[in-house]
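Asks: One file: final_16.csv (CSV, C-alpha atoms).
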```
chain,number,residue,atom,x,y,z
T,1,MET,CA,207.3,87.7,-34.1
T,2,ALA,CA,207.5,88.5,-30.4
T,3,GLU,CA,205.2,86.4,-28.2
T,4,THR,CA,202.2,88.5,-27.3
T,5,HIS,CA,200.6,88.8,-23.9
T,6,GLY,CA,197.4,89.5,-22.1
T,7,TYR,CA,197.4,93.3,-22.8
T,8,HIS,CA,198.0,92.8,-26.6
T,9,ASP,CA,194.4,93.5,-27.6
T,10,ASN,CA,194.5,96.8,-25.5
T,11,LYS,CA,197.9,97.8,-26.6
T,12,ALA,CA,196.8,101.0,-28.4
T,13,ALA,CA,194.8,102.1,-25.3
T,14,TYR,CA,197.7,101.5,-23.0
T,15,LEU,CA,200.1,103.4,-25.2
T,16,ALA,CA,197.7,106.3,-25.4
T,17,ARG,CA,197.3,106.3,-21.6
T,18,LEU,CA,201.1,106.2,-21.1
T,19,ARG,CA,201.6,109.0,-23.5
T,20,ARG,CA,199.1,111.1,-21.5
T,21,ILE,CA,201.0,110.2,-18.3
T,22,GLU,CA,204.2,111.3,-20.0
T,23,GLY,CA,202.5,114.6,-20.8
T,24,GLN,CA,201.4,114.9,-17.2
T,25,VAL,CA,205.0,114.4,-16.0
T,26,ARG,CA,206.2,117.1,-18.4
T,27,GLY,CA,203.4,119.2,-17.0
T,28,LEU,CA,204.9,118.7,-13.5
T,29,GLN,CA,208.2,120.0,-14.8
T,30,ARG,CA,206.5,123.1,-16.1
T,31,LEU,CA,204.9,123.7,-12.7
T,32,VAL,CA,208.2,123.4,-10.9
T,33,ASP,CA,209.9,125.6,-13.5
T,34,GLU,CA,207.2,128.3,-13.1
T,35,ASP,CA,207.6,128.2,-9.3
T,36,THR,CA,204.0,127.0,-8.8
T,37,TYR,CA,202.8,126.6,-5.3
T,38,CYS,CA,203.9,123.3,-3.7
T,39,ILE,CA,200.4,122.0,-2.9
T,40,ASP,CA,199.3,122.4,-6.5
T,41,ILE,CA,202.3,120.4,-7.7
T,42,LEU,CA,201.5,117.7,-5.1
T,43,THR,CA,197.9,117.6,-6.3
T,44,GLN,CA,199.3,116.8,-9.8
T,45,VAL,CA,201.7,114.2,-8.5
T,46,SER,CA,198.6,112.4,-7.0
T,47,ALA,CA,196.9,112.6,-10.4
T,48,VAL,CA,199.9,111.0,-12.1
T,49,ASN,CA,200.0,108.3,-9.4
T,50,LYS,CA,196.3,107.6,-10.0
T,51,ALA,CA,196.7,107.3,-13.7
T,52,LEU,CA,199.6,104.9,-13.3
T,53,GLN,CA,197.6,102.9,-10.8
T,54,GLY,CA,194.9,102.6,-13.4
T,55,VAL,CA,197.4,101.2,-16.0
T,56,ALA,CA,198.7,98.8,-13.4
T,57,VAL,CA,195.3,97.4,-12.5
T,58,GLY,CA,194.5,97.0,-16.2
T,59,LEU,CA,197.7,95.1,-16.8
T,60,VAL,CA,197.1,92.9,-13.8
T,61,GLN,CA,193.6,92.1,-15.0
T,62,ASP,CA,194.8,91.3,-18.5
T,63,HIS,CA,197.6,89.2,-17.2
T,64,LEU,CA,195.3,87.2,-14.9
T,65,GLY,CA,192.8,86.8,-17.7
T,66,HIS,CA,195.3,85.5,-20.3
T,67,CYS,CA,198.8,84.5,-19.1
T,68,VAL,CA,197.7,83.0,-15.8
T,69,ARG,CA,194.5,81.7,-17.3
T,70,ASP,CA,196.4,79.9,-20.1
T,71,ALA,CA,198.9,78.4,-17.7
T,72,VAL,CA,196.0,77.0,-15.6
T,73,ALA,CA,194.1,75.8,-18.7
T,74,SER,CA,197.2,74.0,-19.9
T,75,GLY,CA,197.1,72.0,-16.7
T,76,GLY,CA,200.8,72.1,-16.2
T,77,THR,CA,202.8,73.0,-13.0
T,78,GLU,CA,203.4,76.4,-14.6
T,79,ALA,CA,200.2,77.8,-13.0
T,80,ASP,CA,201.6,77.8,-9.5
T,81,ALA,CA,204.6,79.8,-10.7
T,82,LYS,CA,202.4,82.3,-12.6
T,83,VAL,CA,200.2,82.8,-9.6
T,84,ALA,CA,203.2,83.4,-7.3
T,85,GLU,CA,204.7,85.7,-9.8
T,86,ALA,CA,201.5,87.8,-10.2
T,87,SER,CA,201.1,88.0,-6.4
T,88,ALA,CA,204.6,89.2,-6.0
T,89,ALA,CA,204.0,91.9,-8.6
T,90,ILE,CA,200.8,92.9,-6.8
T,91,ALA,CA,202.7,93.1,-3.5
T,92,ARG,CA,205.3,95.5,-5.1
T,93,LEU,CA,202.5,97.7,-6.4
T,94,LEU,CA,201.0,97.8,-2.9
T,95,ARG,CA,204.3,98.9,-1.4
T,96,THR,CA,204.5,102.0,-3.6
Z,1,MET,CA,209.0,137.7,-10.5
Z,2,ALA,CA,206.8,134.8,-9.4
Z,3,GLU,CA,206.8,134.3,-5.6
Z,4,THR,CA,209.1,131.3,-4.9
Z,5,HIS,CA,208.3,128.4,-2.6
Z,6,GLY,CA,210.0,125.8,-0.4
Z,7,TYR,CA,211.4,123.8,-3.2
Z,8,HIS,CA,213.0,126.7,-5.0
Z,9,ASP,CA,216.6,125.9,-3.7
Z,10,ASN,CA,216.2,122.3,-5.0
Z,11,LYS,CA,214.5,123.3,-8.3
Z,12,ALA,CA,217.2,121.9,-10.6
Z,13,ALA,CA,217.2,118.6,-8.7
Z,14,TYR,CA,213.4,118.3,-8.9
Z,15,LEU,CA,213.5,119.0,-12.7
Z,16,ALA,CA,216.2,116.4,-13.2
Z,17,ARG,CA,214.2,113.8,-11.3
Z,18,LEU,CA,211.1,114.6,-13.2
Z,19,ARG,CA,212.9,114.4,-16.5
Z,20,ARG,CA,214.1,110.9,-15.4
Z,21,ILE,CA,210.6,109.9,-14.6
Z,22,GLU,CA,209.4,111.2,-18.0
Z,23,GLY,CA,212.1,108.9,-19.5
Z,24,GLN,CA,210.9,106.0,-17.4
Z,25,VAL,CA,207.3,106.5,-18.7
Z,26,ARG,CA,208.5,106.6,-22.3
Z,27,GLY,CA,210.4,103.4,-21.4
Z,28,LEU,CA,207.0,101.9,-20.3
Z,29,GLN,CA,205.6,102.8,-23.7
Z,30,ARG,CA,208.5,101.0,-25.4
Z,31,LEU,CA,208.0,97.9,-23.2
Z,32,VAL,CA,204.3,97.8,-24.2
Z,33,ASP,CA,205.1,98.5,-27.9
Z,34,GLU,CA,207.6,95.6,-27.9
Z,35,ASP,CA,205.1,93.1,-26.3
Z,36,THR,CA,207.2,92.8,-23.2
Z,37,TYR,CA,206.0,90.3,-20.6
Z,38,CYS,CA,203.3,91.9,-18.3
Z,39,ILE,CA,205.1,91.3,-15.1
Z,40,ASP,CA,208.2,93.1,-16.3
Z,41,ILE,CA,206.1,96.1,-17.2
Z,42,LEU,CA,204.4,96.0,-13.8
Z,43,THR,CA,207.8,96.0,-12.2
Z,44,GLN,CA,208.7,99.2,-14.1
Z,45,VAL,CA,205.3,100.8,-13.1
Z,46,SER,CA,206.3,100.2,-9.5
Z,47,ALA,CA,209.7,101.8,-10.1
Z,48,VAL,CA,208.0,104.9,-11.6
Z,49,ASN,CA,205.6,105.0,-8.6
Z,50,LYS,CA,208.5,104.9,-6.2
Z,51,ALA,CA,210.4,107.7,-8.0
Z,52,LEU,CA,207.2,109.9,-8.0
Z,53,GLN,CA,206.8,109.1,-4.3
Z,54,GLY,CA,210.3,110.3,-3.6
Z,55,VAL,CA,209.5,113.6,-5.4
Z,56,ALA,CA,206.3,114.0,-3.4
Z,57,VAL,CA,208.0,113.4,0.0
Z,58,GLY,CA,210.7,115.9,-0.9
Z,59,LEU,CA,208.1,118.5,-1.9
Z,60,VAL,CA,206.2,117.9,1.4
Z,61,GLN,CA,209.4,118.3,3.4
Z,62,ASP,CA,210.3,121.5,1.6
Z,63,HIS,CA,206.8,122.9,2.0
Z,64,LEU,CA,206.7,122.1,5.7
Z,65,GLY,CA,210.1,123.6,6.2
Z,66,HIS,CA,209.4,126.8,4.3
Z,67,CYS,CA,205.8,127.7,3.5
Z,68,VAL,CA,204.2,126.2,6.6
Z,69,ARG,CA,207.1,127.3,8.8
Z,70,ASP,CA,206.9,130.9,7.5
Z,71,ALA,CA,203.2,131.0,8.1
Z,72,VAL,CA,203.8,129.8,11.7
Z,73,ALA,CA,206.7,132.2,12.3
Z,74,SER,CA,204.6,135.2,11.1
Z,75,GLY,CA,202.2,134.3,14.0
Z,76,GLY,CA,199.1,134.9,11.9
Z,77,THR,CA,196.0,132.7,11.6
Z,78,GLU,CA,197.3,131.5,8.2
Z,79,ALA,CA,199.3,128.7,9.9
Z,80,ASP,CA,196.1,126.7,10.6
Z,81,ALA,CA,195.1,126.9,7.0
Z,82,LYS,CA,198.6,125.9,5.8
Z,83,VAL,CA,198.6,122.9,8.2
Z,84,ALA,CA,195.2,121.8,7.0
Z,85,GLU,CA,196.1,122.3,3.4
Z,86,ALA,CA,199.3,120.2,3.8
Z,87,SER,CA,197.5,117.5,5.6
Z,88,ALA,CA,194.9,117.3,2.8
Z,89,ALA,CA,197.6,117.0,0.2
Z,90,ILE,CA,199.3,114.2,2.3
Z,91,ALA,CA,195.9,112.4,2.5
Z,92,ARG,CA,195.5,112.6,-1.3
Z,93,LEU,CA,199.0,111.1,-1.7
Z,94,LEU,CA,198.1,108.2,0.7
Z,95,ARG,CA,195.0,107.4,-1.3
Z,96,THR,CA,197.0,106.8,-4.5
I,1,MET,CA,202.4,114.1,34.2
I,2,ALA,CA,203.5,112.9,30.8
I,3,GLU,CA,204.1,115.8,28.3
I,4,THR,CA,201.1,116.0,26.0
I,5,HIS,CA,201.2,116.2,22.2
I,6,GLY,CA,199.2,117.6,19.3
I,7,TYR,CA,196.5,114.9,19.4
I,8,HIS,CA,195.8,115.4,23.2
I,9,ASP,CA,192.6,117.4,22.6
I,10,ASN,CA,191.3,114.7,20.3
I,11,LYS,CA,192.5,111.8,22.4
I,12,ALA,CA,189.0,110.4,23.2
I,13,ALA,CA,188.1,110.5,19.5
I,14,TYR,CA,191.3,108.7,18.5
I,15,LEU,CA,190.7,106.0,21.2
I,16,ALA,CA,187.2,105.5,19.9
I,17,ARG,CA,188.3,105.1,16.3
I,18,LEU,CA,191.1,102.7,17.3
I,19,ARG,CA,188.6,100.6,19.3
I,20,ARG,CA,186.4,100.5,16.2
I,21,ILE,CA,189.4,99.4,14.1
I,22,GLU,CA,190.2,96.7,16.8
I,23,GLY,CA,186.6,95.5,16.3
I,24,GLN,CA,187.0,95.4,12.5
I,25,VAL,CA,190.2,93.3,12.9
I,26,ARG,CA,188.2,90.9,15.1
I,27,GLY,CA,185.6,90.9,12.4
I,28,LEU,CA,188.2,89.8,9.9
I,29,GLN,CA,189.1,86.9,12.2
I,30,ARG,CA,185.4,85.9,12.2
I,31,LEU,CA,185.2,86.0,8.4
I,32,VAL,CA,188.2,83.8,8.1
I,33,ASP,CA,186.9,81.4,10.8
I,34,GLU,CA,183.6,81.1,9.0
I,35,ASP,CA,185.2,80.4,5.6
I,36,THR,CA,183.9,83.6,4.1
I,37,TYR,CA,184.6,84.2,0.4
I,38,CYS,CA,188.2,85.6,-0.1
I,39,ILE,CA,187.0,88.7,-1.9
I,40,ASP,CA,184.6,89.7,0.9
I,41,ILE,CA,187.5,89.4,3.4
I,42,LEU,CA,189.7,91.5,1.1
I,43,THR,CA,187.0,94.2,0.9
I,44,GLN,CA,187.1,94.3,4.7
I,45,VAL,CA,190.9,94.5,4.8
I,46,SER,CA,190.6,97.6,2.5
I,47,ALA,CA,188.1,99.1,5.0
I,48,VAL,CA,190.5,98.6,7.9
I,49,ASN,CA,193.3,100.1,5.9
I,50,LYS,CA,191.2,103.1,5.1
I,51,ALA,CA,190.2,103.6,8.8
I,52,LEU,CA,193.9,103.4,9.8
I,53,GLN,CA,194.8,105.9,7.1
I,54,GLY,CA,192.2,108.3,8.5
I,55,VAL,CA,193.8,108.0,12.0
I,56,ALA,CA,197.3,108.5,10.5
I,57,VAL,CA,196.3,111.7,8.6
I,58,GLY,CA,194.6,113.1,11.7
I,59,LEU,CA,197.7,112.4,13.8
I,60,VAL,CA,199.9,114.1,11.1
I,61,GLN,CA,197.7,117.2,11.0
I,62,ASP,CA,197.7,117.4,14.8
I,63,HIS,CA,201.4,116.9,14.9
I,64,LEU,CA,202.1,119.6,12.3
I,65,GLY,CA,199.6,122.0,14.0
I,66,HIS,CA,201.2,121.6,17.4
I,67,CYS,CA,204.5,119.9,17.8
I,68,VAL,CA,206.0,121.2,14.6
I,69,ARG,CA,204.3,124.6,15.0
I,70,ASP,CA,205.6,125.0,18.5
I,71,ALA,CA,209.1,124.1,17.4
I,72,VAL,CA,208.9,126.7,14.7
I,73,ALA,CA,207.4,129.4,17.0
I,74,SER,CA,210.2,128.9,19.5
I,75,GLY,CA,212.6,129.9,16.8
I,76,GLY,CA,215.2,127.4,17.7
I,77,THR,CA,217.0,124.9,15.4
I,78,GLU,CA,214.6,122.2,16.5
I,79,ALA,CA,212.2,123.1,13.8
I,80,ASP,CA,214.4,121.6,11.1
I,81,ALA,CA,214.6,118.3,13.0
I,82,LYS,CA,210.8,118.2,13.6
I,83,VAL,CA,210.1,118.9,9.9
I,84,ALA,CA,212.5,116.1,8.8
I,85,GLU,CA,211.1,113.8,11.4
I,86,ALA,CA,207.5,114.4,10.2
I,87,SER,CA,208.5,114.0,6.5
I,88,ALA,CA,210.1,110.6,7.3
I,89,ALA,CA,207.0,109.5,9.1
I,90,ILE,CA,204.9,110.6,6.0
I,91,ALA,CA,207.3,108.7,3.7
I,92,ARG,CA,206.8,105.5,5.8
I,93,LEU,CA,203.0,105.9,5.6
I,94,LEU,CA,203.3,106.2,1.8
I,95,ARG,CA,205.3,103.0,1.5
I,96,THR,CA,202.6,100.9,3.2
Q,1,MET,CA,179.5,72.5,5.9
Q,2,ALA,CA,180.3,76.0,4.5
Q,3,GLU,CA,182.1,75.9,1.1
Q,4,THR,CA,185.8,76.4,1.8
Q,5,HIS,CA,188.1,78.8,-0.2
Q,6,GLY,CA,191.7,79.3,-1.3
Q,7,TYR,CA,193.0,80.3,2.1
Q,8,HIS,CA,191.4,77.3,3.9
Q,9,ASP,CA,194.7,75.4,4.2
Q,10,ASN,CA,196.3,78.5,5.8
Q,11,LYS,CA,193.4,79.4,8.0
Q,12,ALA,CA,195.2,78.9,11.3
Q,13,ALA,CA,198.1,81.1,10.1
Q,14,TYR,CA,195.8,83.9,9.0
Q,15,LEU,CA,193.9,83.8,12.3
Q,16,ALA,CA,197.2,84.0,14.2
Q,17,ARG,CA,198.3,87.0,12.1
Q,18,LEU,CA,195.0,88.7,12.5
Q,19,ARG,CA,195.1,88.2,16.3
Q,20,ARG,CA,198.6,89.8,16.3
Q,21,ILE,CA,197.3,92.7,14.3
Q,22,GLU,CA,194.4,93.0,16.8
Q,23,GLY,CA,197.1,93.2,19.6
Q,24,GLN,CA,199.0,95.9,17.6
Q,25,VAL,CA,195.8,98.0,17.3
Q,26,ARG,CA,195.3,97.6,21.1
Q,27,GLY,CA,198.9,98.7,21.4
Q,28,LEU,CA,198.1,101.9,19.4
Q,29,GLN,CA,195.3,102.6,21.9
Q,30,ARG,CA,197.8,102.3,24.8
Q,31,LEU,CA,200.3,104.6,23.1
Q,32,VAL,CA,197.5,107.2,22.6
Q,33,ASP,CA,196.3,106.7,26.2
Q,34,GLU,CA,199.8,107.2,27.5
Q,35,ASP,CA,200.3,110.5,25.5
Q,36,THR,CA,203.1,108.9,23.5
Q,37,TYR,CA,204.9,111.1,21.0
Q,38,CYS,CA,202.9,111.4,17.7
Q,39,ILE,CA,205.7,110.2,15.5
Q,40,ASP,CA,206.1,107.0,17.5
Q,41,ILE,CA,202.4,106.3,17.1
Q,42,LEU,CA,202.6,107.0,13.3
Q,43,THR,CA,205.5,104.5,13.2
Q,44,GLN,CA,203.2,101.8,14.7
Q,45,VAL,CA,200.4,102.7,12.4
Q,46,SER,CA,202.8,102.0,9.5
Q,47,ALA,CA,203.6,98.6,11.1
Q,48,VAL,CA,199.9,97.7,11.3
Q,49,ASN,CA,199.4,98.7,7.7
Q,50,LYS,CA,202.3,96.6,6.6
Q,51,ALA,CA,201.0,93.5,8.6
Q,52,LEU,CA,197.5,94.0,7.0
Q,53,GLN,CA,199.1,94.3,3.6
Q,54,GLY,CA,200.9,91.0,4.1
Q,55,VAL,CA,197.5,89.3,5.0
Q,56,ALA,CA,196.0,90.9,1.9
Q,57,VAL,CA,198.7,89.7,-0.5
Q,58,GLY,CA,198.5,86.2,1.0
Q,59,LEU,CA,194.7,86.1,0.5
Q,60,VAL,CA,195.1,87.4,-3.1
Q,61,GLN,CA,197.6,84.6,-3.9
Q,62,ASP,CA,195.4,81.9,-2.3
Q,63,HIS,CA,192.4,83.2,-4.2
Q,64,LEU,CA,194.2,83.3,-7.5
Q,65,GLY,CA,195.7,79.8,-6.9
Q,66,HIS,CA,192.4,78.2,-6.0
Q,67,CYS,CA,189.1,80.0,-6.7
Q,68,VAL,CA,190.3,81.7,-9.9
Q,69,ARG,CA,192.2,78.7,-10.9
Q,70,ASP,CA,189.3,76.3,-10.4
Q,71,ALA,CA,187.0,78.6,-12.4
Q,72,VAL,CA,189.5,78.6,-15.3
Q,73,ALA,CA,190.0,74.9,-15.0
Q,74,SER,CA,186.3,74.2,-15.2
Q,75,GLY,CA,186.4,76.0,-18.6
Q,76,GLY,CA,183.1,77.9,-18.0
Q,77,THR,CA,182.4,81.6,-18.4
Q,78,GLU,CA,182.9,82.1,-14.7
Q,79,ALA,CA,186.6,82.6,-15.1
Q,80,ASP,CA,186.1,86.1,-16.6
Q,81,ALA,CA,183.9,87.1,-13.7
Q,82,LYS,CA,186.5,85.8,-11.2
Q,83,VAL,CA,189.3,87.6,-12.9
Q,84,ALA,CA,187.4,90.9,-13.0
Q,85,GLU,CA,186.3,90.4,-9.4
Q,86,ALA,CA,189.9,89.8,-8.2
Q,87,SER,CA,191.2,92.8,-10.2
Q,88,ALA,CA,188.6,95.0,-8.6
Q,89,ALA,CA,189.7,93.8,-5.1
Q,90,ILE,CA,193.3,94.5,-6.0
Q,91,ALA,CA,192.3,98.0,-7.2
Q,92,ARG,CA,190.6,98.7,-3.9
Q,93,LEU,CA,193.7,97.6,-2.0
Q,94,LEU,CA,195.9,99.9,-4.1
Q,95,ARG,CA,193.6,102.9,-3.3
Q,96,THR,CA,194.2,102.4,0.5
```
Using structure tokens, write down the structure that the file contains.
Replies:
Amino acid sequence: MAETHGYHDNKAAYLARLRRIEGQVRGLQRLVDEDTYCIDILTQVSAVNKALQGVAVGLVQDHLGHCVRDAVASGGTEADAKVAEASAAIARLLRT
Amino acid sequence: MAETHGYHDNKAAYLARLRRIEGQVRGLQRLVDEDTYCIDILTQVSAVNKALQGVAVGLVQDHLGHCVRDAVASGGTEADAKVAEASAAIARLLRT
Amino acid sequence: MAETHGYHDNKAAYLARLRRIEGQVRGLQRLVDEDTYCIDILTQVSAVNKALQGVAVGLVQDHLGHCVRDAVASGGTEADAKVAEASAAIARLLRT
Amino acid sequence: MAETHGYHDNKAAYLARLRRIEGQVRGLQRLVDEDTYCIDILTQVSAVNKALQGVAVGLVQDHLGHCVRDAVASGGTEADAKVAEASAAIARLLRT
């Protein structure tokens, strides 16, 4: 069985949120296809961004609370790598 | 026929990009479903954000170059409203 | 006399806002100097970001409403360049 | 003596970076005062945003590597609160 991670307990919720986001992106296609006014499409793009951001923050919190936490609790040198790795992922999110 | 807007000439390209983004979001679902490591999922979320950002900047440019431009060229008072509306949409994008 | 631009009428307001932001950044230095808790400093960094974002959106709106607008009204080919230039500036803002 | 935090070892570096950012914000004031072209000011605003973002990511990494880590290592219930607090700060950064 695949090793599970911080978000495992919330897996169903993440999948539901991602399916909703998938539907929102299909909705964007419909808006473009139906020649909807640009500003209305941009408003929906912001909504998709916001939903994705919510998923990202949730995953960060779950990761900190489990994967990083376990690495720290195990007392090994892995904790530094986990912290650096998480910070790099947060930096990437900030740049988009 | 629906009134067309700035992005009309690039409609097919926008639809293709949005379908790719839809596929990326389905890819995120697969990663979660397969218990993929959190950081790898976060990296993909940043990629989806970036792709969406590209669509948004394209739509802004098309809107400025057509809808706002036409309103200015027509010399009416509508130009102020169009500029304010575009700026508000840009502000929303900046907040996500 | 230097050519003036879209924000000229709001110059005093922009200068006041930028002086306030300068003060906020000095405030961040004080927080670090006084060993303030990391989260409280991060909260202030978000506040400075938000204030800067407000200045940026204002400048974009002034630019669209004057520089881009004048280029369009003059009917020349400069309008395309102005729109492309503004869109590139907006894209840079979105990436930070 | 005030309790010190994750960034304590890098305090001088953070202060130097923040002083540079303060100088950049004063530079923005000069650009506005000298009626500089809007786009050139917007380019500098993006540069200040980027510098601030770098400070924020550094503070997050230091916080995770010390404050959150110590809370986890102490084995108490405080770790959950620290993780939630850090995630909320990251969410605020993402929204600006």
Asks: Identify, on the basis of only C-alpha atoms, every residue whose closest approach to Z:Ala47 does not exceed 10 Å; exclude the query and any residue fewer than 6 positions from it along the same chain; express the result as a ChimeraX atom specification.
Replies: /T:92-93,96 /Z:21,24,41,53
Asks: Taking only C-alpha atoms into account, which of I:Leu64, I:Ala71, I:Ile39, I:Leu31 comes nearest chain Q?
Replies: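 Of all the options, I:Ile39 lies closest to chain Q.
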Asks: From the list Q:Ala16, Q:Ala81, Q:Leu94, Q:Asp40, which residue is nearest T:Leu52 when using only C-alpha atoms?
Replies: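 Looking at the shortest contact to T:Leu52, the residue is Q:Leu94.
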Asks: Within 8 Å of (201.1, 86.1, -11.8) (coordinates as in the file), grab all the protein and nucleic acid residues, counting only C-alpha atoms, and write them out as a ChimeraX atom specification.
Replies: /T:63-64,67-68,81-89 /Z:39
Asks: For a quick test of understanding: name the residues of chain Z lying within 8 Å of chain T when counting all atoms listed in the file, and present them as JSON, numbers by chain.
Replies: {"Z": [2, 3, 4, 5, 6, 7, 8, 11, 14, 15, 18, 19, 21, 22, 25, 26, 28, 29, 32, 33, 34, 35, 36, 37, 38, 39, 42, 43, 45, 46, 49, 50, 52, 53, 56, 59, 60, 63, 85, 86, 89, 92, 93, 96]}
Asks: Quick one: pull the distance between atom CA of Z:Ser74 and atom CA of Z:Gly58, Å, one decimal.
Replies: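 These two atoms are separated by 23.5 Å.
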Asks: At what distance in Å, to one decimal, does atom CA of I:Ala79 lie from atom CA of Z:Gln61?
Replies: 11.8 Å
Asks: Report the distance between atom CA of T:Gly76 and atom CA of T:Asp9 in Å, rounded to one decimal place.
Replies: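 Computed distance, atom CA of T:Gly76 to atom CA of T:Asp9, equals 25.1 Å.
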Asks: Could you list, as a PDB file with C-alpha atoms, in the coordinates of the input, every residue within 7 Å of I:Ala73, counting all atoms listed in the file and ignoring same-chain residues fewer than 2 positions away?
Replies:
```pdb
ATOM      1  CA  VAL Z  72     203.800 129.800  11.700  1.00  0.00           C
ATOM      2  CA  ALA Z  73     206.700 132.200  12.300  1.00  0.00           C
TER       3      ALA Z  73
ATOM      4  CA  ARG I  69     204.300 124.600  15.000  1.00  0.00           C
ATOM      5  CA  ASP I  70     205.600 125.000  18.500  1.00  0.00           C
ATOM      6  CA  ALA I  71     209.100 124.100  17.400  1.00  0.00           C
ATOM      7  CA  GLY I  75     212.600 129.900  16.800  1.00  0.00           C
TER       8      GLY I  75
END
```
